[in-house]
Amino acid sequence: MFDGRTPAWQASLALQFRRAGARTIFASQHHGPLRVQKPLYPEDKAVCHVALIHPPGGIAGGDALSLEVEVQTEAHALITTPGAAKWYKANGRSASQRAHLRIRGALEWLPQEAIVFDEANARTDIDIDVAPEAALIGWDIVVLGRTAAGESFAAGSFAQTIRLRDDGALQWVERTRLAGGDALLGSPIGLAGNTVFGCLWAMGPRWTDGQIETLRMQLPDTAPITRLAPRLLVARALGTTAQAVRRLLEVAWRELRPPVLGRAAEAPRIWAT
């Protein structure tokens with residue numbers, strides 16, 4: 001029976017990147033409103049930049065998005081988004097987004113921030129499988145409430161799980177569970193009054209103590225970096241604006257790209273639009 005609610009979107013997108021001569025090319029299959037823009041090659045043919053597009057502009061209660069990414073050996077993909085993702089007020093229904101990243105080549109997973117509206121009920125899962133010789137830099141940035149509009153995250157819920165496996169072995173699990181108005185939002189052992197939090201992860205060489213100390217000297221103290229496994233580093237940042245947190249993680253990305261991917265940082269063109 002129709003209950004008067006806005007219809008929900010069920011969308012999925014599968015991307016496969018592979019090396020063809022000197023170029024990384026991709027194939028895609030999609031269902032519903034989730035797709036990619038035309039690939040760009042601002043660096044050279046070996047690195048394929050693509051932007052994920054969700055035409056409805058936000059994720060509403062009842063929506064479920066699913067993304068599968070496979071990067072084959074010797075391929076190099078950089079995936080971002082043209083703007084912030086938005087998790088709208090739930091209206092009694094939960095919304096979800098799941099991403100599964102399988103990397104045998106090189107992947108940079110650099111979406112812009114996700115804004116969680118007041119009274120949203122959002123769940124996001126990122127599952128990452130990295131082959132032994134593969135390389136990865138990724139980040140995730142979450143904004144709680146629309147502070148510029150005078151809105152706080154006073155009600156609703158946000159849940160996130162990130163899992164990373166190296167050659168099938170689980171290396172890292174990150175679980176975030178926040179309720180609107182939760183005491184952790186203001187607590188010094190939580191977000192300490194910040195409304196934006198982000199983390200960056202990098203899978204590269206087997207990091208030495210010397211490399212980590214050098215990175216720590218190059219990075220701001222407000223984006224501390226930790227070695228969680230022989231090949232895995234994680235940096236974290238808190239702030240009151242998405243721009244501030246994004247700047248901190250972008251500094252980390254620029255410093256990590258050469259040792260992880262063997263390339264100087266080349267920002268996606270869409271970030272400048």
# chains A, B, ... in the order shown; residues from 1 in each chain; ligands from 1
$ residues_around --residues "Gly105 (chain A)" --least-positions-apart "3" --cutoff "6 Å" --atoms "only C-alpha atoms" --output "PyMOL selection string"
chain A and resi 71-75+134
$ select_by_dssp --residues "region 32-273 of chain A" --states "alpha helix (DSSP H)" --output "PyMOL selection string"
chain A and resi 209-218+242-261
$ write_last_selection --atoms "N, CA and C atoms" --output "mmCIF file, in the first residue's frame"
data_model
loop_
_atom_site.group_PDB
_atom_site.id
_atom_site.type_symbol
_atom_site.label_atom_id
_atom_site.label_comp_id
_atom_site.auth_asym_id
_atom_site.auth_seq_id
_atom_site.Cartn_x
_atom_site.Cartn_y
_atom_site.Cartn_z
ATOM 1 N N ASP A 209 60.744 2.465 10.714
ATOM 2 C CA ASP A 209 60.610 3.491 11.744
ATOM 3 C C ASP A 209 61.113 4.840 11.231
ATOM 4 N N GLY A 210 62.207 4.821 10.463
ATOM 5 C CA GLY A 210 62.760 6.061 9.927
ATOM 6 C C GLY A 210 61.809 6.755 8.973
ATOM 7 N N GLN A 211 61.155 5.983 8.108
ATOM 8 C CA GLN A 211 60.184 6.573 7.188
ATOM 9 C C GLN A 211 59.029 7.215 7.943
ATOM 10 N N ILE A 212 58.562 6.552 8.970
ATOM 11 C CA ILE A 212 57.423 7.077 9.734
ATOM 12 C C ILE A 212 57.813 8.356 10.460
ATOM 13 N N GLU A 213 58.996 8.392 11.046
ATOM 14 C CA GLU A 213 59.439 9.604 11.738
ATOM 15 C C GLU A 213 59.590 10.767 10.763
ATOM 16 N N THR A 214 60.093 10.482 9.564
ATOM 17 C CA THR A 214 60.200 11.538 8.544
ATOM 18 C C THR A 214 58.831 12.061 8.165
ATOM 19 N N LEU A 215 57.871 11.153 7.968
ATOM 20 C CA LEU A 215 56.513 11.574 7.631
ATOM 21 C C LEU A 215 55.910 12.421 8.751
ATOM 22 N N ARG A 216 56.142 12.027 9.984
ATOM 23 C CA ARG A 216 55.574 12.782 11.111
ATOM 24 C C ARG A 216 56.139 14.192 11.174
ATOM 25 N N MET A 217 57.393 14.367 10.797
ATOM 26 C CA MET A 217 57.972 15.706 10.777
ATOM 27 C C MET A 217 57.395 16.551 9.652
ATOM 28 N N GLN A 218 56.991 15.897 8.559
ATOM 29 C CA GLN A 218 56.462 16.618 7.405
ATOM 30 C C GLN A 218 54.982 16.939 7.552
ATOM 31 N N ALA A 242 34.591 21.252 6.994
ATOM 32 C CA ALA A 242 35.073 20.225 6.069
ATOM 33 C C ALA A 242 36.349 20.676 5.381
ATOM 34 N N GLN A 243 36.439 21.963 5.077
ATOM 35 C CA GLN A 243 37.616 22.473 4.377
ATOM 36 C C GLN A 243 38.880 22.288 5.209
ATOM 37 N N ALA A 244 38.777 22.523 6.523
ATOM 38 C CA ALA A 244 39.945 22.387 7.392
ATOM 39 C C ALA A 244 40.421 20.942 7.458
ATOM 40 N N VAL A 245 39.497 20.015 7.627
ATOM 41 C CA VAL A 245 39.871 18.602 7.699
ATOM 42 C C VAL A 245 40.398 18.119 6.361
ATOM 43 N N ARG A 246 39.736 18.527 5.306
ATOM 44 C CA ARG A 246 40.191 18.140 3.965
ATOM 45 C C ARG A 246 41.613 18.635 3.700
ATOM 46 N N ARG A 247 41.932 19.865 4.110
ATOM 47 C CA ARG A 247 43.287 20.390 3.900
ATOM 48 C C ARG A 247 44.321 19.532 4.627
ATOM 49 N N LEU A 248 44.018 19.130 5.857
ATOM 50 C CA LEU A 248 44.952 18.309 6.620
ATOM 51 C C LEU A 248 45.191 16.964 5.932
ATOM 52 N N LEU A 249 44.116 16.313 5.490
ATOM 53 C CA LEU A 249 44.275 15.016 4.843
ATOM 54 C C LEU A 249 44.919 15.145 3.473
ATOM 55 N N GLU A 250 44.682 16.272 2.815
ATOM 56 C CA GLU A 250 45.318 16.466 1.514
ATOM 57 C C GLU A 250 46.835 16.626 1.674
ATOM 58 N N VAL A 251 47.263 17.272 2.755
ATOM 59 C CA VAL A 251 48.701 17.358 3.030
ATOM 60 C C VAL A 251 49.282 15.954 3.194
ATOM 61 N N ALA A 252 48.580 15.105 3.951
ATOM 62 C CA ALA A 252 49.043 13.734 4.144
ATOM 63 C C ALA A 252 49.090 12.986 2.816
ATOM 64 N N TRP A 253 48.058 13.138 1.997
ATOM 65 C CA TRP A 253 48.033 12.483 0.682
ATOM 66 C C TRP A 253 49.209 12.934 -0.176
ATOM 67 N N ARG A 254 49.503 14.230 -0.180
ATOM 68 C CA ARG A 254 50.604 14.737 -0.998
ATOM 69 C C ARG A 254 51.948 14.177 -0.539
ATOM 70 N N GLU A 255 52.116 13.999 0.769
ATOM 71 C CA GLU A 255 53.369 13.459 1.281
ATOM 72 C C GLU A 255 53.478 11.950 1.054
ATOM 73 N N LEU A 256 52.352 11.256 1.103
ATOM 74 C CA LEU A 256 52.358 9.796 0.990
ATOM 75 C C LEU A 256 52.355 9.299 -0.456
ATOM 76 N N ARG A 257 51.883 10.117 -1.368
ATOM 77 C CA ARG A 257 51.769 9.627 -2.747
ATOM 78 C C ARG A 257 53.110 9.185 -3.341
ATOM 79 N N PRO A 258 54.197 9.942 -3.170
ATOM 80 C CA PRO A 258 55.463 9.471 -3.752
ATOM 81 C C PRO A 258 55.937 8.123 -3.205
ATOM 82 N N PRO A 259 55.998 7.916 -1.867
ATOM 83 C CA PRO A 259 56.478 6.608 -1.411
ATOM 84 C C PRO A 259 55.504 5.458 -1.676
ATOM 85 N N VAL A 260 54.198 5.741 -1.704
ATOM 86 C CA VAL A 260 53.212 4.676 -1.902
ATOM 87 C C VAL A 260 53.026 4.363 -3.388
ATOM 88 N N LEU A 261 52.931 5.415 -4.214
ATOM 89 C CA LEU A 261 52.560 5.238 -5.614
ATOM 90 C C LEU A 261 53.654 5.632 -6.599
#
$ residues_around --residues "Phe117 (chain A)" --least-positions-apart "2" --cutoff "9 Å" --atoms "only C-alpha atoms" --output "VMD selection string"
chain A and resid 86 to 90 115 119 to 121 143 to 146 151 to 153 156
$ write_last_selection --atoms "N, CA and C atoms" --output "compact mmCIF listing (two decimals), in the first residue's frame"
# COMPACT_ATOMS: atom_id res chain seq x y z
N LYS A 86 25.40 13.89 0.52
CA LYS A 86 24.46 14.39 1.53
C LYS A 86 23.54 13.26 1.98
N TRP A 87 23.53 13.04 3.29
CA TRP A 87 22.61 12.08 3.90
C TRP A 87 21.43 12.86 4.48
N TYR A 88 20.28 12.76 3.84
CA TYR A 88 19.13 13.58 4.20
C TYR A 88 18.38 13.02 5.43
N LYS A 89 17.50 13.85 5.97
CA LYS A 89 16.61 13.44 7.06
C LYS A 89 15.91 12.14 6.68
N ALA A 90 15.87 11.20 7.63
CA ALA A 90 15.46 9.83 7.31
C ALA A 90 13.96 9.67 7.07
N ILE A 115 28.01 14.80 4.22
CA ILE A 115 27.32 15.63 5.21
C ILE A 115 26.11 14.87 5.74
N GLU A 119 18.67 14.30 11.96
CA GLU A 119 17.62 13.28 11.84
C GLU A 119 17.86 12.30 10.70
N ALA A 120 19.07 12.28 10.14
CA ALA A 120 19.41 11.23 9.18
C ALA A 120 19.60 9.91 9.91
N ASN A 121 19.40 8.81 9.22
CA ASN A 121 19.66 7.47 9.74
C ASN A 121 20.53 6.77 8.69
N VAL A 143 30.89 14.99 7.97
CA VAL A 143 30.44 16.25 8.56
C VAL A 143 29.10 15.99 9.25
N LEU A 144 29.01 16.28 10.54
CA LEU A 144 27.78 16.04 11.30
C LEU A 144 26.99 17.33 11.40
N GLY A 145 25.84 17.36 10.75
CA GLY A 145 24.99 18.55 10.77
C GLY A 145 25.44 19.59 9.76
N ARG A 146 24.58 20.54 9.51
CA ARG A 146 24.88 21.65 8.59
C ARG A 146 25.09 22.91 9.42
N GLU A 151 22.37 24.28 11.81
CA GLU A 151 21.82 22.99 12.18
C GLU A 151 22.88 22.13 12.83
N SER A 152 22.55 21.51 13.95
CA SER A 152 23.44 20.56 14.60
C SER A 152 22.92 19.14 14.36
N PHE A 153 23.75 18.18 14.70
CA PHE A 153 23.34 16.78 14.59
C PHE A 153 22.73 16.38 15.93
N GLY A 156 18.93 11.39 15.26
CA GLY A 156 19.27 10.49 14.16
C GLY A 156 20.46 9.63 14.53
$ residues_around --residues "Ala272 (chain A)" --least-positions-apart "2" --cutoff "12 Å" --atoms "only C-alpha atoms" --output "ChimeraX atom specification"
/A:81-83,266-270
$ closest_atom_pairs --of "region 47-103 of chain A" --to "region 19-41 of chain A" --cutoff "10 Å" --atoms "only C-alpha atoms" --output "JSON lines"
{"residue": "A:Val47", "atom": "CA", "partner": "A:Thr24", "partner_atom": "CA", "distance": 6.1}
{"residue": "A:Cys48", "atom": "CA", "partner": "A:Tyr41", "partner_atom": "CA", "distance": 5.5}
{"residue": "A:His49", "atom": "CA", "partner": "A:Leu40", "partner_atom": "CA", "distance": 5.1}
{"residue": "A:Val50", "atom": "CA", "partner": "A:Pro39", "partner_atom": "CA", "distance": 4.9}
{"residue": "A:Ala51", "atom": "CA", "partner": "A:Val36", "partner_atom": "CA", "distance": 5.5}
{"residue": "A:Leu52", "atom": "CA", "partner": "A:Val36", "partner_atom": "CA", "distance": 4.5}
{"residue": "A:Ile53", "atom": "CA", "partner": "A:Arg35", "partner_atom": "CA", "distance": 5.3}
{"residue": "A:His54", "atom": "CA", "partner": "A:Leu34", "partner_atom": "CA", "distance": 4.8}
{"residue": "A:Pro55", "atom": "CA", "partner": "A:Pro33", "partner_atom": "CA", "distance": 5.9}
{"residue": "A:Pro56", "atom": "CA", "partner": "A:Pro33", "partner_atom": "CA", "distance": 7.1}
{"residue": "A:Gly57", "atom": "CA", "partner": "A:Pro33", "partner_atom": "CA", "distance": 9.8}
{"residue": "A:Leu65", "atom": "CA", "partner": "A:Leu34", "partner_atom": "CA", "distance": 7.9}
{"residue": "A:Ser66", "atom": "CA", "partner": "A:Leu34", "partner_atom": "CA", "distance": 8.8}
{"residue": "A:Leu67", "atom": "CA", "partner": "A:Leu34", "partner_atom": "CA", "distance": 8.7}
{"residue": "A:Glu68", "atom": "CA", "partner": "A:Ser28", "partner_atom": "CA", "distance": 9.7}
{"residue": "A:Val69", "atom": "CA", "partner": "A:Ser28", "partner_atom": "CA", "distance": 9.3}
{"residue": "A:Glu70", "atom": "CA", "partner": "A:Phe26", "partner_atom": "CA", "distance": 9.5}
{"residue": "A:Val71", "atom": "CA", "partner": "A:Phe26", "partner_atom": "CA", "distance": 9.0}
{"residue": "A:Gln72", "atom": "CA", "partner": "A:Arg19", "partner_atom": "CA", "distance": 7.3}
{"residue": "A:Thr73", "atom": "CA", "partner": "A:Arg19", "partner_atom": "CA", "distance": 7.4}
{"residue": "A:Glu74", "atom": "CA", "partner": "A:Arg19", "partner_atom": "CA", "distance": 6.0}
{"residue": "A:Ala75", "atom": "CA", "partner": "A:Arg19", "partner_atom": "CA", "distance": 4.8}
{"residue": "A:His76", "atom": "CA", "partner": "A:Thr24", "partner_atom": "CA", "distance": 6.3}
{"residue": "A:Ala77", "atom": "CA", "partner": "A:Thr24", "partner_atom": "CA", "distance": 7.5}
{"residue": "A:Leu78", "atom": "CA", "partner": "A:Leu40", "partner_atom": "CA", "distance": 9.7}
{"residue": "A:Ile79", "atom": "CA", "partner": "A:Val36", "partner_atom": "CA", "distance": 9.4}
{"residue": "A:Thr80", "atom": "CA", "partner": "A:Val36", "partner_atom": "CA", "distance": 9.7}
{"residue": "A:Thr81", "atom": "CA", "partner": "A:Val36", "partner_atom": "CA", "distance": 9.0}
{"residue": "A:Pro82", "atom": "CA", "partner": "A:Gln37", "partner_atom": "CA", "distance": 9.5}
$ closest_residue --among "A:Pro188, A:Gly198, A:Pro205, A:Gly168" --to "Glu133 (chain A)" --atoms "only C-alpha atoms"
A:Pro205
$ residues_around --residues "region 224-234 of chain A" --least-positions-apart "2" --cutoff "7 Å" --atoms "only C-alpha atoms" --output "list in words"
Gln171, Cys199, Leu200, Trp201, Ala202, Met203, Gly204, Pro205, Arg206, Trp207, Arg216, Asp221, Thr222 and Arg236 of chain A
$ closest_residue --among "A:Glu113, A:Glu43, A:Asp182, A:Asp166" --to "Ala135 (chain A)" --atoms "only C-alpha atoms"
A:Asp166
$ select_by_dssp --residues "region 156-190 of chain A" --states "strand (DSSP E or B)" --output "list in words"
Ser157, Phe158, Ala159, Gln160, Thr161, Ile162, Arg163, Leu164, Arg165, Asp166, Ala169, Leu170, Gln171, Trp172, Val173, Glu174, Arg175, Thr176, Arg177, Leu178 and Ala179 of chain A
$ write_last_selection --atoms "C-alpha atoms" --output "mmCIF file, in the first residue's frame"
data_model
loop_
_atom_site.group_PDB
_atom_site.id
_atom_site.type_symbol
_atom_site.label_atom_id
_atom_site.label_comp_id
_atom_site.auth_asym_id
_atom_site.auth_seq_id
_atom_site.Cartn_x
_atom_site.Cartn_y
_atom_site.Cartn_z
ATOM 1 C CA SER A 157 22.212 8.129 13.798
ATOM 2 C CA PHE A 158 25.369 7.566 11.806
ATOM 3 C CA ALA A 159 27.129 4.190 11.607
ATOM 4 C CA GLN A 160 30.237 3.362 9.633
ATOM 5 C CA THR A 161 32.497 0.337 9.299
ATOM 6 C CA ILE A 162 35.775 0.224 7.383
ATOM 7 C CA ARG A 163 37.505 -3.155 6.950
ATOM 8 C CA LEU A 164 40.868 -3.650 5.243
ATOM 9 C CA ARG A 165 42.441 -6.981 4.310
ATOM 10 C CA ASP A 166 45.967 -7.489 3.026
ATOM 11 C CA ALA A 169 44.303 -11.255 6.240
ATOM 12 C CA LEU A 170 42.262 -8.732 8.200
ATOM 13 C CA GLN A 171 44.529 -5.786 9.134
ATOM 14 C CA TRP A 172 42.184 -3.043 10.293
ATOM 15 C CA VAL A 173 38.571 -2.593 11.367
ATOM 16 C CA GLU A 174 37.205 0.884 12.115
ATOM 17 C CA ARG A 175 33.726 1.135 13.621
ATOM 18 C CA THR A 176 31.933 4.412 14.260
ATOM 19 C CA ARG A 177 28.528 4.578 15.938
ATOM 20 C CA LEU A 178 27.152 8.028 16.724
ATOM 21 C CA ALA A 179 23.664 9.108 17.745
#
$ atom_distance --atom1 "CA of Leu15 (chain A)" --atom2 "CA of Ala84 (chain A)"
20.7 Å
$ closest_residue --among "A:Ile137, A:Ala149, A:Val196, A:Ala155" --to "Gly181 (chain A)" --atoms "only C-alpha atoms"
A:Ala155
$ closest_residue --among "A:Gln16, A:Thr240, A:Thr208, A:Asn91" --to "Ala192 (chain A)" --atoms "only C-alpha atoms"
A:Thr240
$ closest_residue --among "A:Val142, A:Ala148, A:Leu136, A:Leu219" --to "Gly239 (chain A)" --atoms "only C-alpha atoms"
A:Val142
$ closest_residue --among "A:Gln10, A:Ala106, A:Asp44, A:Thr195" --to "Pro132 (chain A)" --atoms "only C-alpha atoms"
A:Ala106
$ decode --residues "region 80-124 of chain A" --atoms "C-alpha atoms" --output "tab-separated table (two decimals), in the first residue's frame"
chain	number	residue	atom	x	y	z
A	80	THR	CA	36.70	11.10	-6.41
A	81	THR	CA	33.35	12.94	-6.42
A	82	PRO	CA	32.32	16.32	-7.86
A	83	GLY	CA	30.93	17.55	-4.53
A	84	ALA	CA	29.86	16.56	-1.05
A	85	ALA	CA	27.58	13.58	-0.51
A	86	LYS	CA	24.46	14.39	1.53
A	87	TRP	CA	22.61	12.08	3.90
A	88	TYR	CA	19.13	13.58	4.20
A	89	LYS	CA	16.61	13.44	7.06
A	90	ALA	CA	15.46	9.83	7.31
A	91	ASN	CA	11.68	10.30	7.65
A	92	GLY	CA	11.48	7.00	9.49
A	93	ARG	CA	13.63	5.00	7.06
A	94	SER	CA	17.31	4.11	7.12
A	95	ALA	CA	19.69	4.67	4.21
A	96	SER	CA	22.86	2.79	3.34
A	97	GLN	CA	25.92	2.90	1.12
A	98	ARG	CA	28.35	0.03	0.63
A	99	ALA	CA	31.66	0.10	-1.24
A	100	HIS	CA	33.83	-2.93	-1.96
A	101	LEU	CA	37.31	-2.11	-3.26
A	102	ARG	CA	39.50	-4.89	-4.65
A	103	ILE	CA	43.00	-3.76	-5.59
A	104	ARG	CA	45.74	-5.65	-7.41
A	105	GLY	CA	47.19	-2.51	-9.00
A	106	ALA	CA	46.98	1.01	-7.52
A	107	LEU	CA	43.91	2.91	-6.27
A	108	GLU	CA	43.36	6.36	-4.82
A	109	TRP	CA	39.94	6.58	-3.17
A	110	LEU	CA	39.39	10.30	-2.52
A	111	PRO	CA	35.70	11.21	-2.31
A	112	GLN	CA	34.73	14.63	-1.05
A	113	GLU	CA	33.06	14.89	2.35
A	114	ALA	CA	29.76	13.32	3.38
A	115	ILE	CA	27.32	15.63	5.21
A	116	VAL	CA	24.98	13.92	7.68
A	117	PHE	CA	21.84	16.02	8.12
A	118	ASP	CA	20.02	16.25	11.42
A	119	GLU	CA	17.62	13.28	11.84
A	120	ALA	CA	19.41	11.23	9.18
A	121	ASN	CA	19.66	7.47	9.74
A	122	ALA	CA	22.77	6.53	7.76
A	123	ARG	CA	24.96	3.45	7.52
A	124	THR	CA	28.06	3.17	5.36
